[in-house]
$ cat start.cif   # mmCIF, C-alpha atoms
data_input
#
loop_
_atom_site.label_atom_id
_atom_site.label_comp_id
_atom_site.auth_asym_id
_atom_site.auth_seq_id
_atom_site.Cartn_x
_atom_site.Cartn_y
_atom_site.Cartn_z
CA ASP A 1 -27.83 64.15 180.55
CA SER A 2 -30.02 66.68 182.37
CA PHE A 3 -28.86 70.29 182.19
CA LEU A 4 -29.79 73.90 182.91
CA ASP A 5 -30.28 76.05 179.80
CA SER A 6 -30.60 79.80 179.57
CA GLY A 7 -33.78 81.18 178.06
CA PHE A 8 -37.26 79.69 177.86
CA ILE A 9 -37.83 76.35 176.11
CA LEU A 10 -41.33 75.54 174.85
CA ASP A 11 -42.15 71.95 173.93
CA LYS A 12 -43.92 72.88 170.68
CA ASN A 13 -43.15 73.27 166.96
CA PHE A 14 -43.71 75.96 164.35
CA GLY A 15 -46.37 75.47 161.68
CA LEU A 16 -45.73 73.46 158.53
CA SER A 17 -43.10 74.96 156.18
CA GLN A 18 -42.64 78.05 158.35
CA LYS A 19 -39.36 79.69 159.33
CA THR A 20 -37.62 78.20 162.33
CA VAL A 21 -35.18 81.02 163.18
CA TYR A 22 -36.13 84.61 164.09
CA LYS A 23 -33.96 87.50 165.27
CA ASN A 24 -35.49 90.20 167.50
CA PRO A 25 -39.07 89.18 166.56
CA ARG A 26 -42.29 90.90 167.55
CA ILE A 27 -44.31 88.22 169.36
CA MET A 28 -48.06 88.19 169.97
CA ILE A 29 -49.44 85.82 172.62
CA ALA A 30 -53.15 85.08 172.39
CA ASN A 31 -55.91 82.90 173.74
CA THR A 32 -58.47 82.81 170.97
CA GLY A 33 -60.24 80.33 168.75
CA MET A 34 -58.48 79.80 165.42
CA ASP A 35 -60.45 76.71 164.39
CA THR A 36 -63.72 78.20 163.11
CA ASP A 37 -62.93 78.12 159.41
CA LYS A 38 -64.86 74.84 159.18
CA ILE A 39 -68.49 74.19 160.02
CA LYS A 40 -68.93 73.25 163.67
CA ILE A 41 -72.44 73.63 165.07
CA TRP A 42 -73.26 72.42 168.56
CA GLY A 43 -76.81 72.24 169.86
CA ALA A 44 -78.35 73.52 166.63
CA ARG A 45 -79.50 72.21 163.26
CA VAL A 46 -78.94 73.80 159.88
CA LYS A 47 -81.11 72.61 157.01
CA VAL A 48 -79.74 73.10 153.51
CA HIS A 49 -81.09 72.04 150.15
CA SER A 50 -77.86 71.59 148.21
CA MET A 51 -74.12 71.27 148.58
CA ASP A 52 -73.79 74.78 147.19
CA GLU A 53 -75.40 76.13 150.33
CA VAL A 54 -72.95 74.10 152.45
CA ALA A 55 -70.09 75.57 150.43
CA ALA A 56 -71.52 79.05 151.00
CA ILE A 57 -71.52 78.49 154.76
CA GLU A 58 -67.90 77.26 154.67
CA LYS A 59 -66.93 80.26 152.56
CA ALA A 60 -68.51 82.62 155.09
CA GLU A 61 -66.60 80.89 157.89
CA LYS A 62 -63.34 81.22 155.96
CA GLU A 63 -63.94 84.90 155.26
CA LYS A 64 -64.64 85.47 158.94
CA MET A 65 -61.41 83.70 159.86
CA LYS A 66 -59.46 85.67 157.25
CA ARG A 67 -60.70 88.97 158.70
CA LYS A 68 -59.55 87.83 162.12
CA VAL A 69 -56.10 86.85 160.84
CA ASP A 70 -55.81 90.15 158.96
CA LYS A 71 -56.43 92.01 162.24
CA ILE A 72 -53.61 90.00 163.83
CA LEU A 73 -51.23 90.65 160.93
CA ALA A 74 -52.02 94.37 161.10
CA HIS A 75 -49.92 94.54 164.27
CA ASN A 76 -46.81 93.81 162.18
CA ILE A 77 -45.84 90.72 164.17
CA ASP A 78 -43.29 88.01 163.38
CA ILE A 79 -44.56 85.18 165.61
CA PHE A 80 -48.09 84.34 166.75
CA ILE A 81 -48.49 82.03 169.77
CA ASN A 82 -51.96 80.74 170.58
CA ARG A 83 -53.14 78.71 173.53
CA GLN A 84 -55.81 77.05 171.40
CA LEU A 85 -55.63 75.17 168.10
CA ILE A 86 -54.76 76.82 164.80
CA TYR A 87 -56.40 75.14 161.80
CA ASP A 88 -54.83 74.72 158.38
CA TYR A 89 -56.40 77.78 156.75
CA PRO A 90 -55.19 80.44 159.24
CA GLU A 91 -51.83 78.67 159.39
CA GLU A 92 -51.60 78.98 155.60
CA ILE A 93 -52.34 82.72 155.80
CA PHE A 94 -49.63 83.16 158.46
CA ARG A 95 -47.17 81.19 156.33
CA ASP A 96 -47.89 83.30 153.22
CA ALA A 97 -47.34 86.46 155.30
CA GLY A 98 -44.00 85.16 156.65
CA VAL A 99 -45.30 84.92 160.22
CA GLY A 100 -44.52 81.92 162.38
CA SER A 101 -47.38 80.32 164.31
CA ILE A 102 -47.31 78.11 167.39
CA GLU A 103 -50.54 76.37 168.35
CA HIS A 104 -51.91 74.69 171.44
CA ALA A 105 -49.40 76.11 173.89
CA ASP A 106 -50.82 75.05 177.25
CA PHE A 107 -52.10 77.67 179.65
CA GLU A 108 -49.11 77.35 181.96
CA GLY A 109 -46.72 77.79 179.04
CA VAL A 110 -48.60 80.83 177.77
CA GLU A 111 -48.59 82.43 181.21
CA ARG A 112 -44.85 81.92 181.60
CA LEU A 113 -44.14 83.13 178.08
CA ALA A 114 -46.11 86.32 178.68
CA ARG A 115 -44.15 86.91 181.86
CA VAL A 116 -40.67 86.38 180.42
CA LEU A 117 -41.37 88.12 177.10
CA ASP A 118 -43.00 91.10 178.85
CA ALA A 119 -46.20 90.67 176.81
CA GLU A 120 -49.93 90.43 177.38
CA ILE A 121 -52.25 87.54 176.55
CA LEU A 122 -54.69 88.96 174.02
CA SER A 123 -58.16 87.84 173.02
CA THR A 124 -59.19 90.81 170.82
CA PHE A 125 -57.08 92.24 168.01
CA ASP A 126 -58.69 95.51 166.96
CA LYS A 127 -55.86 97.98 166.46
CA THR A 128 -56.43 101.08 168.57
CA GLU A 129 -55.32 104.54 167.55
CA GLU A 130 -54.86 105.76 171.10
CA LYS A 131 -51.58 107.45 171.97
CA ASP A 132 -51.64 106.00 175.48
CA GLU A 133 -49.33 102.99 175.18
CA SER A 134 -50.63 101.52 178.43
CA ARG A 135 -53.98 100.84 176.75
CA ALA A 136 -52.50 99.54 173.50
CA HIS A 137 -51.85 95.86 172.80
CA LYS A 138 -48.54 94.88 174.38
CA LEU A 139 -46.37 92.61 172.24
CA GLY A 140 -43.38 90.64 173.43
CA THR A 141 -39.88 90.32 172.06
CA CYS A 142 -36.55 88.62 172.69
CA ALA A 143 -33.13 88.37 171.07
CA SER A 144 -33.80 85.17 169.13
CA VAL A 145 -36.32 82.37 168.66
CA GLN A 146 -35.31 79.10 167.03
CA GLU A 147 -36.08 75.41 166.90
CA ILE A 148 -33.49 73.19 168.55
CA MET A 149 -33.10 69.45 169.00
CA ILE A 150 -32.98 67.87 172.45
CA GLY A 151 -32.41 64.18 171.97
CA GLU A 152 -34.97 63.15 169.36
CA ASP A 153 -37.46 65.94 170.13
CA THR A 154 -37.77 69.34 168.48
CA VAL A 155 -38.51 72.26 170.79
CA ILE A 156 -38.57 76.05 170.50
CA LYS A 157 -36.08 78.14 172.45
CA PHE A 158 -36.64 81.81 173.34
CA ASP A 159 -33.26 83.35 174.10
CA GLY A 160 -32.33 86.82 175.33
CA VAL A 161 -35.66 87.63 176.98
CA PRO A 162 -36.18 91.26 178.12
CA LYS A 163 -36.07 90.62 181.86
CA GLY A 164 -33.15 88.20 181.58
CA GLU A 165 -34.64 86.00 184.31
CA ALA A 166 -35.77 82.97 182.31
CA CYS A 167 -34.02 79.63 182.43
CA THR A 168 -35.15 76.07 181.77
CA ILE A 169 -34.19 72.81 183.47
CA VAL A 170 -34.12 69.98 180.93
CA LEU A 171 -34.60 66.58 182.55
CA ARG A 172 -33.67 63.40 180.70
CA GLY A 173 -34.00 59.87 182.00
CA ALA A 174 -34.32 56.25 180.98
CA SER A 175 -38.00 55.87 181.93
CA SER A 176 -41.09 57.91 182.66
CA HIS A 177 -40.99 56.77 186.31
CA LEU A 178 -37.47 58.11 186.71
CA LEU A 179 -38.41 61.39 185.04
CA ALA A 180 -41.41 61.76 187.37
CA GLU A 181 -39.17 61.27 190.40
CA MET A 182 -36.63 63.77 189.06
CA GLU A 183 -39.35 66.33 188.40
CA ARG A 184 -40.75 65.87 191.91
CA SER A 185 -37.31 66.35 193.46
CA ILE A 186 -36.62 69.46 191.39
CA HIS A 187 -40.05 70.85 192.28
CA ASP A 188 -39.42 70.30 196.00
CA ALA A 189 -36.01 71.96 195.76
CA VAL A 190 -37.40 74.99 193.91
CA CYS A 191 -40.23 75.35 196.44
CA ILE A 192 -37.74 75.30 199.32
CA LEU A 193 -35.61 77.86 197.49
CA THR A 194 -38.55 80.23 197.06
CA GLN A 195 -39.46 79.86 200.73
CA THR A 196 -35.85 80.58 201.71
CA ILE A 197 -35.89 83.77 199.63
CA ARG A 198 -39.02 84.93 201.46
CA ASP A 199 -37.65 83.92 204.88
CA SER A 200 -33.85 83.89 204.78
CA LYS A 201 -33.35 82.11 208.10
CA VAL A 202 -31.49 78.80 207.74
CA VAL A 203 -30.30 76.04 210.07
CA LEU A 204 -27.40 73.63 209.77
CA GLY A 205 -28.16 70.35 208.00
CA GLY A 206 -26.68 66.89 208.08
CA GLY A 207 -28.79 65.87 211.07
CA CYS A 208 -27.05 68.18 213.53
CA THR A 209 -30.23 70.21 214.14
CA GLU A 210 -32.21 67.07 214.95
CA MET A 211 -29.47 65.83 217.30
CA LEU A 212 -29.48 69.17 219.13
CA MET A 213 -33.28 69.08 219.49
CA ALA A 214 -33.14 65.45 220.66
CA GLN A 215 -30.55 66.36 223.28
CA SER A 216 -32.73 69.19 224.59
CA VAL A 217 -35.88 67.03 224.65
CA SER A 218 -34.03 64.22 226.48
CA ALA A 219 -32.74 66.69 229.06
CA ALA A 220 -36.27 68.01 229.61
CA ALA A 221 -37.64 64.46 229.88
CA LEU A 222 -35.33 63.75 232.82
CA LYS A 223 -37.01 66.54 234.77
CA GLN A 224 -40.55 65.53 233.78
CA LYS A 225 -42.68 63.34 236.05
CA GLY A 226 -45.35 60.96 234.91
CA LYS A 227 -46.13 59.31 231.60
CA GLU A 228 -45.30 62.49 229.68
CA ALA A 229 -41.62 61.66 230.18
CA LEU A 230 -42.05 58.46 228.17
CA ALA A 231 -43.57 60.38 225.27
CA MET A 232 -40.75 62.90 225.38
CA ASP A 233 -38.15 60.12 225.30
CA SER A 234 -39.87 58.58 222.28
CA PHE A 235 -39.90 61.95 220.54
CA ALA A 236 -36.16 62.34 221.15
CA ARG A 237 -35.51 58.87 219.69
CA ALA A 238 -37.55 59.78 216.63
CA LEU A 239 -35.42 62.90 216.10
CA ARG A 240 -32.23 60.83 216.31
CA GLN A 241 -33.51 58.68 213.46
CA ILE A 242 -32.88 61.51 210.97
CA PRO A 243 -29.05 61.25 210.98
CA ASN A 244 -29.46 57.48 211.14
CA ILE A 245 -31.55 57.52 207.95
CA LEU A 246 -29.10 59.90 206.25
CA ALA A 247 -26.23 57.52 206.95
CA ASP A 248 -28.20 54.45 205.81
CA ASN A 249 -29.27 56.11 202.55
CA ALA A 250 -25.65 56.99 201.79
CA GLY A 251 -24.51 53.41 202.47
CA PHE A 252 -22.49 54.31 205.55
CA ASP A 253 -22.23 52.54 208.91
CA SER A 254 -25.13 54.33 210.63
CA ALA A 255 -24.49 52.83 214.08
CA GLU A 256 -20.88 54.06 214.11
CA ILE A 257 -21.72 57.52 212.77
CA VAL A 258 -24.73 58.19 215.04
CA THR A 259 -22.90 57.15 218.22
CA GLU A 260 -19.97 59.38 217.26
CA LEU A 261 -22.38 62.21 216.50
CA ARG A 262 -24.05 61.83 219.90
CA SER A 263 -20.65 62.02 221.56
CA GLU A 264 -19.76 65.21 219.69
CA HIS A 265 -23.02 66.88 220.68
CA ALA A 266 -22.60 65.78 224.28
CA GLN A 267 -19.28 67.67 224.26
CA GLY A 268 -21.04 70.82 223.04
CA ASN A 269 -20.09 70.57 219.34
CA HIS A 270 -23.60 71.25 218.12
CA TRP A 271 -22.49 72.10 214.58
CA MET A 272 -21.39 68.51 213.81
CA GLY A 273 -23.47 66.43 211.38
CA VAL A 274 -23.26 63.56 208.92
CA CYS A 275 -20.67 64.35 206.23
CA MET A 276 -21.33 62.65 202.89
CA ASP A 277 -17.82 63.35 201.59
CA THR A 278 -15.86 61.64 204.36
CA ALA A 279 -18.45 59.03 205.48
CA THR A 280 -18.13 60.30 209.03
CA VAL A 281 -19.15 63.28 211.14
CA GLY A 282 -18.01 66.75 210.12
CA ASP A 283 -18.46 70.47 210.71
CA MET A 284 -21.54 71.53 208.74
CA ARG A 285 -20.36 75.16 208.82
CA LYS A 286 -17.20 74.16 206.98
CA TYR A 287 -19.06 72.22 204.29
CA GLY A 288 -21.82 74.82 203.95
CA VAL A 289 -24.66 72.34 204.56
CA THR A 290 -27.76 74.35 205.47
CA GLU A 291 -31.51 73.86 205.31
CA SER A 292 -34.40 76.29 205.19
CA TYR A 293 -35.68 77.09 208.66
CA LYS A 294 -39.24 77.38 207.39
CA SER A 295 -39.05 74.00 205.65
CA LYS A 296 -37.56 72.37 208.73
CA LEU A 297 -40.25 73.86 210.95
CA GLN A 298 -43.00 72.68 208.61
CA SER A 299 -41.58 69.14 208.46
CA LEU A 300 -41.41 68.98 212.26
CA THR A 301 -44.92 70.36 212.68
CA SER A 302 -46.39 67.95 210.13
CA ALA A 303 -44.68 64.97 211.83
CA VAL A 304 -46.06 65.99 215.24
CA GLU A 305 -49.58 66.41 213.84
CA ALA A 306 -49.42 62.99 212.19
CA ALA A 307 -48.27 61.37 215.46
CA GLU A 308 -51.08 63.07 217.39
CA MET A 309 -53.63 61.86 214.85
CA ILE A 310 -52.42 58.27 215.20
CA LEU A 311 -52.51 58.43 219.02
CA ARG A 312 -56.10 59.67 218.92
CA VAL A 313 -57.25 56.48 217.18
CA ASP A 314 -58.77 54.33 219.93
CA ASP A 315 -59.28 51.22 217.85
CA ILE A 316 -58.95 49.93 214.33
CA VAL A 317 -62.04 48.68 212.55
CA LYS A 318 -61.23 45.61 210.50
CA CYS A 319 -63.43 43.83 208.04
CA ALA A 320 -63.93 40.14 208.58
CA PRO A 321 -61.85 38.13 206.13
CA ARG A 322 -63.74 36.68 203.21
CA ALA A 323 -64.52 33.02 203.67
CA ARG A 324 -62.74 30.65 201.34
CA ASP A 325 -64.96 29.23 198.64
CA THR A 326 -64.75 25.46 199.00
CA GLY A 327 -67.37 24.69 196.41
CA ARG A 328 -66.39 22.89 193.27
CA HIS A 329 -67.27 24.25 189.85
#

$ encode --input "start.cif" --output "structure tokens"
Amino acid sequence: DSFLDSGFILDKNFGLSQKTVYKNPRIMIANTGMDTDKIKIWGARVKVHSMDEVAAIEKAEKEKMKRKVDKILAHNIDIFINRQLIYDYPEEIFRDAGVGSIEHADFEGVERLARVLDAEILSTFDKTEEKDESRAHKLGTCASVQEIMIGEDTVIKFDGVPKGEACTIVLRGASSHLLAEMERSIHDAVCILTQTIRDSKVVLGGGCTEMLMAQSVSAAALKQKGKEALAMDSFARALRQIPNILADNAGFDSAEIVTELRSEHAQGNHWMGVCMDTATVGDMRKYGVTESYKSKLQSLTSAVEAAEMILRVDDIVKCAPRARDTGRH
């Protein structure tokens, strides 16, 4: 049920009894406190003599909050998105003015929204009269904003963003563990994609690169004298485990496939790898199976560093096992 959706999807809701559909709205993104309309005093003590004085303090807080909301509304906005909480009183003012409000959007969501909506994250709202637009408050916009249902959850979708580069991957699964694994896999794939864009060099996948490296290391080991040759042979065997693992994970006969792959590479067919479609070896150029060169190099380097670290361990310190308690209670 997972899918790729155009636009930006925010896992939040509009305020109570506010509109849920907007066309070409003016959007303000902010990081400011909207929860000071009630008395909250930290590290100080206020002594009053009657409840009227308490009511006067609350009234002053409300008037202060109203002035702040009026400054926001002076920008003629349609939607206000805040990283922090929005209490009932400012939400009521926004609702009466016909402005939608979204509270407690996390910092990552606010940063992404500002990027895709071509807006700035504001913390002050004084309206400047300067003609220089670069110094004025920059609001965002998009073609439409509306609440949609995904399964049983209500989310907000921003469609038709100015840069046209926003999309959202919606992951759905039967359990939180499965969703975590899916998110990790998607994150790894996106990271590899970004690295490939920065460095466009790629190598053939399907285990053919590892088989070619193993063949070269084995050939060099035959010419090496001393114990280093044994280490080189072990390194070549470790590289040949990659196509073996690929075949095992796919449920294929790994022994048959790896021996056939070794034969193909011995004949000079260095583009042959494990084909998941035919359950045998195949031309990776034909199937378009490639991997990022930078990712492959990093994986190989990390594996070598881990092996060196293990070989440097002279001994393992073990704690003595705890004696069994034979006493009777």

$ closest_atom_pairs --input "start.cif" --of "stretch 133-196 of chain A" --to "stretch 86-107 of chain A" --cutoff "12 Å" --atoms "only C-alpha atoms" --output "tab-separated table"
residue	atom	partner	partner_atom	distance
A:Val145	CA	A:Gly100	CA	10.3
A:Gln146	CA	A:Gly100	CA	10.7
A:Glu147	CA	A:Ile102	CA	11.6
A:Val155	CA	A:Ile102	CA	11.1
A:Ile156	CA	A:Ile102	CA	9.5

$ resolve_selection --input "start.cif" --expression "the PyMOL selection byres ((chain A and resi 260) around 12)" --output "list in words"
Cys208, Met211, Pro243, Asn244, Asp253, Ser254, Ala255, Glu256, Ile257, Val258, Thr259, Leu261, Arg262, Ser263, Glu264, His265, Ala266, Gln267, Asn269, Met272, Gly273, Val274, Ala279, Thr280, Val281 and Gly282 of chain A

$ resolve_selection --input "start.cif" --expression "the PyMOL selection byres ((chain A and resi 218) around 9)" --output "PyMOL selection string"
chain A and resi 213-217+219-222+229+232-233+235-237

$ residues_near_point --input "start.cif" --point "(-60.5, 88.7, 160.8)" --cutoff "12 Å" --atoms "all atoms listed in the file" --output "list in words"
Thr32, Gly33, Met34, Thr36, Asp37, Ala60, Glu61, Lys62, Glu63, Lys64, Met65, Lys66, Arg67, Lys68, Val69, Asp70, Lys71, Ile72, Leu73, Ala74, Pro90, Ile93, Thr124, Phe125, Asp126 and Lys127 of chain A

$ closest_residue --input "start.cif" --among "A:Lys223, A:Val203, A:Thr209, A:Met309" --to "A:Tyr293" --atoms "only C-alpha atoms"
A:Val203

$ residues_around --input "start.cif" --residues "A:Leu193" --least-positions-apart "3" --cutoff "12 Å" --atoms "all atoms listed in the file" --output "MDAnalysis selection string"
chainID A and resid 186:190 196:202 290:295

$ resolve_selection --input "start.cif" --expression "the PyMOL selection byres ((chain A and resi 1) around 9)" --output "PyMOL selection string"
chain A and resi 2-3+170-173

$ axis_aligned_box --input "start.cif" --around "stretch 54-63 of chain A" --padding-each-side "5 Å" --output "JSON"
{"center_x": -68.1, "center_y": 79.5, "center_z": 154.2, "size_x": 19.6, "size_y": 20.8, "size_z": 17.5}

$ closest_residue --input "start.cif" --among "A:Arg285, A:Lys23, A:Lys225, A:Lys12" --to "A:Arg83" --atoms "only C-alpha atoms"
A:Lys12

$ atom_distance --input "start.cif" --atom1 "atom CA of A:Glu165" --atom2 "atom CA of A:Asn24"
17.3 Å

$ atom_distance --input "start.cif" --atom1 "atom CA of A:Ser176" --atom2 "atom CA of A:Leu113"
25.8 Å

$ atom_distance --input "start.cif" --atom1 "atom CA of A:Val161" --atom2 "atom CA of A:Thr194"
21.6 Å

$ build_atoms --input "start.cif" --residues "stretch 246-267 of chain A" --atoms "N, CA and C atoms" --output "compact mmCIF listing (two decimals), keeping the file's coordinate frame"
# COMPACT_ATOMS: atom_id res chain seq x y z
N LEU A 246 -30.05 59.28 207.19
CA LEU A 246 -29.10 59.90 206.25
C LEU A 246 -27.90 58.99 206.01
N ALA A 247 -27.39 58.41 207.08
CA ALA A 247 -26.23 57.52 206.95
C ALA A 247 -26.60 56.24 206.20
N ASP A 248 -27.77 55.68 206.49
CA ASP A 248 -28.20 54.45 205.81
C ASP A 248 -28.40 54.70 204.31
N ASN A 249 -29.03 55.82 203.96
CA ASN A 249 -29.27 56.11 202.55
C ASN A 249 -27.96 56.31 201.78
N ALA A 250 -26.94 56.79 202.45
CA ALA A 250 -25.65 56.99 201.79
C ALA A 250 -24.80 55.73 201.77
N GLY A 251 -25.28 54.66 202.44
CA GLY A 251 -24.51 53.41 202.47
C GLY A 251 -23.42 53.39 203.51
N PHE A 252 -23.52 54.27 204.51
CA PHE A 252 -22.49 54.31 205.55
C PHE A 252 -22.90 53.44 206.74
N ASP A 253 -21.96 53.28 207.67
CA ASP A 253 -22.23 52.54 208.91
C ASP A 253 -22.99 53.48 209.85
N SER A 254 -24.31 53.38 209.88
CA SER A 254 -25.13 54.33 210.63
C SER A 254 -24.89 54.21 212.14
N ALA A 255 -24.70 53.00 212.64
CA ALA A 255 -24.49 52.83 214.08
C ALA A 255 -23.22 53.55 214.53
N GLU A 256 -22.15 53.41 213.75
CA GLU A 256 -20.88 54.06 214.11
C GLU A 256 -21.01 55.58 214.04
N ILE A 257 -21.65 56.07 212.98
CA ILE A 257 -21.72 57.52 212.77
C ILE A 257 -22.63 58.17 213.81
N VAL A 258 -23.78 57.57 214.10
CA VAL A 258 -24.73 58.19 215.04
C VAL A 258 -24.16 58.21 216.45
N THR A 259 -23.50 57.14 216.88
CA THR A 259 -22.90 57.15 218.22
C THR A 259 -21.80 58.20 218.32
N GLU A 260 -21.01 58.35 217.26
CA GLU A 260 -19.97 59.38 217.26
C GLU A 260 -20.59 60.77 217.26
N LEU A 261 -21.71 60.92 216.53
CA LEU A 261 -22.38 62.21 216.50
C LEU A 261 -22.96 62.57 217.86
N ARG A 262 -23.53 61.58 218.55
CA ARG A 262 -24.05 61.83 219.90
C ARG A 262 -22.95 62.25 220.85
N SER A 263 -21.78 61.65 220.70
CA SER A 263 -20.65 62.02 221.56
C SER A 263 -20.21 63.45 221.30
N GLU A 264 -20.16 63.84 220.02
CA GLU A 264 -19.76 65.21 219.69
C GLU A 264 -20.75 66.23 220.26
N HIS A 265 -22.02 65.94 220.15
CA HIS A 265 -23.02 66.88 220.68
C HIS A 265 -23.01 66.90 222.19
N ALA A 266 -22.70 65.79 222.82
CA ALA A 266 -22.60 65.78 224.28
C ALA A 266 -21.45 66.66 224.76
N GLN A 267 -20.43 66.81 223.91
CA GLN A 267 -19.28 67.67 224.26
C GLN A 267 -19.53 69.14 223.90
